[in-house]
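**Q** If you scroll down you'll find the structure; I have some questions about it.
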Number of protein chains: 2
Amino acid sequence: LSRAPQVEDVLAGQVKAIARLIRDIDDQSPRVQETLKQLYPHTGRAYLVGLTGSPGVGKSSLVDQLISRFRRQGLKVGVVAVDPTSPFSGGALLGDRIRMQHHATDPGVFIRSLATRGAFGGLTPSAPAVVQVLDAAGFERILIETVGVGQDEVDIVRLAHTTLVLTVPGLGDGIQAIKAGILEIADLLLVNKADQPGAERTLKELQGMLELNRLSGQEKAWWPGLLAVSARTGQGLDELDKALESHRRFLEEERPDLLAARTRLQVKELVLNLVQDRAKVRAERRLEGSPDWTSRLEEVVARRKDPYSLAEEILKEEFG
Amino acid sequence: LSRAPQVEDVLAGQVKAIARLIRDIDDQSPRVQETLKQLYPHTGRAYLVGLTGSPGVGKSSLVDQLISRFRRQGLKVGVVAVDPTSPFSGGALLGDRIRMQHHATDPGVFIRSLATRGAFGGLTPSAPAVVQVLDAAGFERILIETVGVGQDEVDIVRLAHTTLVLTVPGLGDGIQAIKAGILEIADLLLVNKADQPGAERTLKELQGMLELNRLSGQEKAWWPGLLAVSARTGQGLDELDKALESHRRFLEEERPDLLAARTRLQVKELVLNLVQDRAKVRAERRLEGSPDWTSRLEEVVARRKDPYSLAEEILKEEFG
């Protein structure tokens, strides 16, 4: 089997080749698939840490701190930041990224922002592929940063081994965070900006929630920890290192079965997503590709035909 | 053609039949499809208003006010609230809904919460179908409430004719809101809790953003308005009524072409989503349905095979 372009260079950790491949993935270039196929056997070595929380809780500053700390341990660090698509956001995002830019000249650090897809369909399709590339390229820790409290976040965080959920004092979202289902995805709950007023109260509220869940009699293999940190003053960051390490050891040494089940689910979802994407492309090509099918679509728009029947017709013609 | 069960009762606006059908949709019951097919020709009459914003900005209180105001105009009102899935959220959500419960005995009001799907795949699959049911049942205004700043929100809000984006003073998310791409989906930007400190500053920041976008030379058929409101004191709610009416008239009278293009896109996405869902079901059944295919999946988990090749094999076998 001949090597696809970029494979050798990516495996050797060459920054330019990695950047070019990720750009091709983001552009949905058709030639990347063969490269991804050949990189895949070299994945599975990185440890993936997800970071999520509402806008303004200081995710980027904490990522910046984590990069420095991983680097001091001699680990290569990749960062994938997923941001909602916005034609206006270039400037604001750039501002965030600038905070991390003092790592830009460090070849042991690779930072990349991905836009979420501005269309129906959820999950940034490129995020899992980009993580695979960084993994194959030898980055030992990969930080996946997402914003929001919606499905995107849950989906992307499911790529991670350990998920950090951030909040801040005075956001008034102790209850709201729980309400948004965020607690279920947290392996570690962080109150960032813990040097600000109200930190004690927020910590107590969250502690109360966690206790309540414990008392509810639910069985959980891992109960999320709670930490007060400050990316600005450095408060709690040593404890954060330890907590991360402790969760990693839990998964790898105590419960490799959980780790294996998670990997199987991720792989299955990836395969199903690839099948779905392909089915959508074929269906769309049909709908826009001939006057007959376009007029069937117009009939649905005019409500003289229903969308369920049209979908059945496409499935019958296209997929037998 | 014989009438599917529930069709007559839903068209007659019978609350019990509507509730049962929505429950069946949410449970993904197979027998709903025929009912939805027969309801579809009766849709397209409701005016859909989307409401979105971060947790804690007061979406439910504003929805409550809007219900009362539409009811005073003699209009029937449906509410679809989409909440992230959470096993812990029952209580908190209930709290929100309780604010609206004084409408519970009004037969001209129908309120329903839907959970987002707790899995890969984004958009609550049932939201468009539930909106169709309420539309066919004769609700003249349908409020679609979503939380978050992610893809979910964008997707669901795309169902609406007019989209309201809420923020509050002091959330510090003037910039953050823009960053999250929220401005692009807003037809009307609301600063809620405008009786609280900091409202002036937030309004000025947002006004500045809007001006900046106008100056950027972008062409836009509709520039989002900006309003200070308070669901608690009633401030700005008369102006909100007028602004809603003005956007509705803009779409229906001045730019029916925009309305038609939006409807075509919605219908096409609905059809494509139905095709994708079906493709996923078939692919999953194959992967879990025979020892041969299950072992191929395990090969991918073990990284001896790649997911791209497995997806191609499924497509070839299943879809020719």
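If you're wondering about the labels, chains in the structure tokens are A, B, ... by order shown, residues count from 1 in each chain, ligands from 1 in order shown.
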Chain A vs chain B: Cα RMSD after least-squares superposition over all Cα in order?
**A** 0.1 Å
**Q** For Pro224 (chain A), find every residue with an atom within 12 Å (counting only C-alpha atoms), except residues of its own chain fewer than 2 positions away, and show them as a PyMOL selection string.
**A** chain A and resi 162-165+182-190+206-207+209-211+213-214+220-222+226-227+243-244+246-247
**Q** Could you check which of A:Arg141, A:His102, A:Lys193, A:Arg45 is closest to Gly58 (chain A), using only C-alpha atoms?
**A** A:Lys193
**Q** For CA of Ala194 (chain A) and CA of Pro169 (chain A), determine how far apart the two atoms are, in Å to one decimal place.
**A**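 Interatomic distance here is 7.0 Å.
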**Q** In Å, rounded to a single decimal, give me how far CA of Ile111 (chain A) is from CA of Asp27 (chain A).
**A**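 Between CA of Asp27 (chain A) and CA of Ile111 (chain A) the gap works out to 17.6 Å.
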**Q** Expressed in Å to a single decimal, how great is the separation between CA of Gly208 (chain B) and CA of Gly225 (chain B)?
**A**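 Taking CA of Gly208 (chain B) and CA of Gly225 (chain B), their separation equals 12.5 Å.
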**Q** Please identify all polymer residues within 12 Å of Arg286 (chain B), counting only C-alpha atoms, omitting same-chain residues fewer than 3 positions from it, and present them as a PyMOL selection string.
**A** (chain A and resi 268+271-272+275) or (chain B and resi 279-283+289-297+310-311+313-315+317-319)
**Q** Output the selection as a CSV table (one decimal), in the first residue's frame - C-alpha atoms for each residue.
**A**
```
chain,number,residue,atom,x,y,z
A,268,LYS,CA,-19.4,3.2,16.3
A,271,VAL,CA,-18.8,5.1,11.5
A,272,LEU,CA,-22.5,5.9,11.7
A,275,VAL,CA,-22.7,6.7,6.7
B,279,ALA,CA,-29.7,5.4,6.9
B,280,LYS,CA,-28.4,5.5,10.5
B,281,VAL,CA,-31.0,3.0,11.7
B,282,ARG,CA,-30.1,0.6,8.9
B,283,ALA,CA,-26.3,0.9,9.4
B,289,GLY,CA,-27.0,-7.5,13.9
B,290,SER,CA,-24.5,-10.2,13.0
B,291,PRO,CA,-21.2,-11.6,14.4
B,292,ASP,CA,-19.4,-10.8,11.2
B,293,TRP,CA,-20.2,-7.1,11.3
B,294,THR,CA,-19.8,-6.8,15.0
B,295,SER,CA,-16.3,-8.3,14.7
B,296,ARG,CA,-15.5,-5.7,12.0
B,297,LEU,CA,-16.5,-3.0,14.4
B,310,LEU,CA,-15.9,0.2,7.6
B,311,ALA,CA,-18.3,3.0,6.6
B,313,GLU,CA,-18.3,-1.4,3.4
B,314,ILE,CA,-21.7,-0.7,5.1
B,315,LEU,CA,-22.6,1.8,2.3
B,317,GLU,CA,-23.7,-3.6,1.3
B,318,GLU,CA,-26.7,-1.6,2.5
B,319,PHE,CA,-27.1,1.0,-0.1
```
**Q** For region 10-18 of chain A, list every protein, DNA or RNA residue within 9 Å, evaluated using only C-alpha atoms, and leave out those in the same chain fewer than 6 positions away; present the list as a PyMOL selection string.
**A** chain A and resi 39+42+107+110+133-134+136-139
**Q** Would you export the selected residues with N, CA, C and O atoms as an mmCIF file, in the first residue's frame, please?
**A**
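out-v7.cif, written as the output of this step:
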```cif
data_model
loop_
_atom_site.group_PDB
_atom_site.id
_atom_site.type_symbol
_atom_site.label_atom_id
_atom_site.label_comp_id
_atom_site.auth_asym_id
_atom_site.auth_seq_id
_atom_site.Cartn_x
_atom_site.Cartn_y
_atom_site.Cartn_z
ATOM 1 N N LEU A 39 -3.482 7.175 8.914
ATOM 2 C CA LEU A 39 -3.058 7.677 10.228
ATOM 3 C C LEU A 39 -3.740 6.907 11.366
ATOM 4 O O LEU A 39 -3.196 6.794 12.466
ATOM 5 N N HIS A 42 -2.239 4.694 14.056
ATOM 6 C CA HIS A 42 -1.277 5.343 14.957
ATOM 7 C C HIS A 42 -1.964 6.196 16.021
ATOM 8 O O HIS A 42 -1.302 6.942 16.745
ATOM 9 N N PRO A 107 7.386 24.366 19.611
ATOM 10 C CA PRO A 107 7.003 23.290 18.694
ATOM 11 C C PRO A 107 6.281 22.140 19.401
ATOM 12 O O PRO A 107 5.700 21.282 18.746
ATOM 13 N N PHE A 110 0.456 22.760 19.776
ATOM 14 C CA PHE A 110 -0.271 23.048 18.539
ATOM 15 C C PHE A 110 -1.686 23.455 18.895
ATOM 16 O O PHE A 110 -2.418 22.711 19.548
ATOM 17 N N VAL A 133 -5.698 13.356 14.054
ATOM 18 C CA VAL A 133 -4.451 13.833 13.445
ATOM 19 C C VAL A 133 -3.437 14.203 14.530
ATOM 20 O O VAL A 133 -2.272 13.797 14.483
ATOM 21 N N LEU A 134 -3.888 14.970 15.535
ATOM 22 C CA LEU A 134 -2.971 15.396 16.595
ATOM 23 C C LEU A 134 -2.476 14.189 17.391
ATOM 24 O O LEU A 134 -1.309 14.125 17.801
ATOM 25 N N ALA A 136 -2.154 11.048 16.243
ATOM 26 C CA ALA A 136 -1.170 10.340 15.418
ATOM 27 C C ALA A 136 0.155 11.097 15.337
ATOM 28 O O ALA A 136 1.229 10.496 15.211
ATOM 29 N N ALA A 137 0.075 12.429 15.431
ATOM 30 C CA ALA A 137 1.283 13.261 15.313
ATOM 31 C C ALA A 137 2.098 13.270 16.604
ATOM 32 O O ALA A 137 3.146 13.913 16.674
ATOM 33 N N GLY A 138 1.610 12.569 17.629
ATOM 34 C CA GLY A 138 2.420 12.411 18.833
ATOM 35 C C GLY A 138 2.134 13.397 19.954
ATOM 36 O O GLY A 138 2.910 13.475 20.914
ATOM 37 N N PHE A 139 1.031 14.146 19.859
ATOM 38 C CA PHE A 139 0.685 15.013 20.982
ATOM 39 C C PHE A 139 0.123 14.141 22.103
ATOM 40 O O PHE A 139 -0.805 13.363 21.887
#
```
**Q** Looking at only C-alpha atoms, which of B:Asp26, B:Glu253, B:Glu312, B:Asp135 is the one that sits closest to chain A?
**A**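 When distances to chain A are compared using only C-alpha atoms, the smallest one comes from B:Glu312.
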**Q** Which residues are near Asp306 (chain A)? Cut-off 6 Å, only C-alpha atoms, ignore same chain within fewer than 3 positions. Put them as a ChimeraX atom specification.
**A** /A:300,309 /B:37
**Q** With N, CA and C atoms retained, export the selected residues as a PDB file, in the first residue's frame.
**A**
```
ATOM      1  N   VAL A 300     -43.813  19.688  -1.913  1.00  0.00           N
ATOM      2  CA  VAL A 300     -43.817  19.645  -0.442  1.00  0.00           C
ATOM      3  C   VAL A 300     -43.869  21.068   0.118  1.00  0.00           C
ATOM      4  N   SER A 309     -43.340  11.268   2.748  1.00  0.00           N
ATOM      5  CA  SER A 309     -43.455  10.490   1.513  1.00  0.00           C
ATOM      6  C   SER A 309     -42.265  10.767   0.595  1.00  0.00           C
TER       7      SER A 309
ATOM      8  N   LYS B  37     -48.145  12.612   8.242  1.00  0.00           N
ATOM      9  CA  LYS B  37     -48.382  12.788   6.802  1.00  0.00           C
ATOM     10  C   LYS B  37     -49.720  13.465   6.547  1.00  0.00           C
TER      11      LYS B  37
END
```
**Q** Write out as a ChimeraX atom specification which residues come within 12 Å of Pro128 (chain B) when counting only C-alpha atoms, dropping same-chain ones fewer than 6 positions away.
**A** /A:307 /B:22,25-26,36,40,43,48,80,82,114,134-135,142,144,155-160,266-267,269-271,273-274
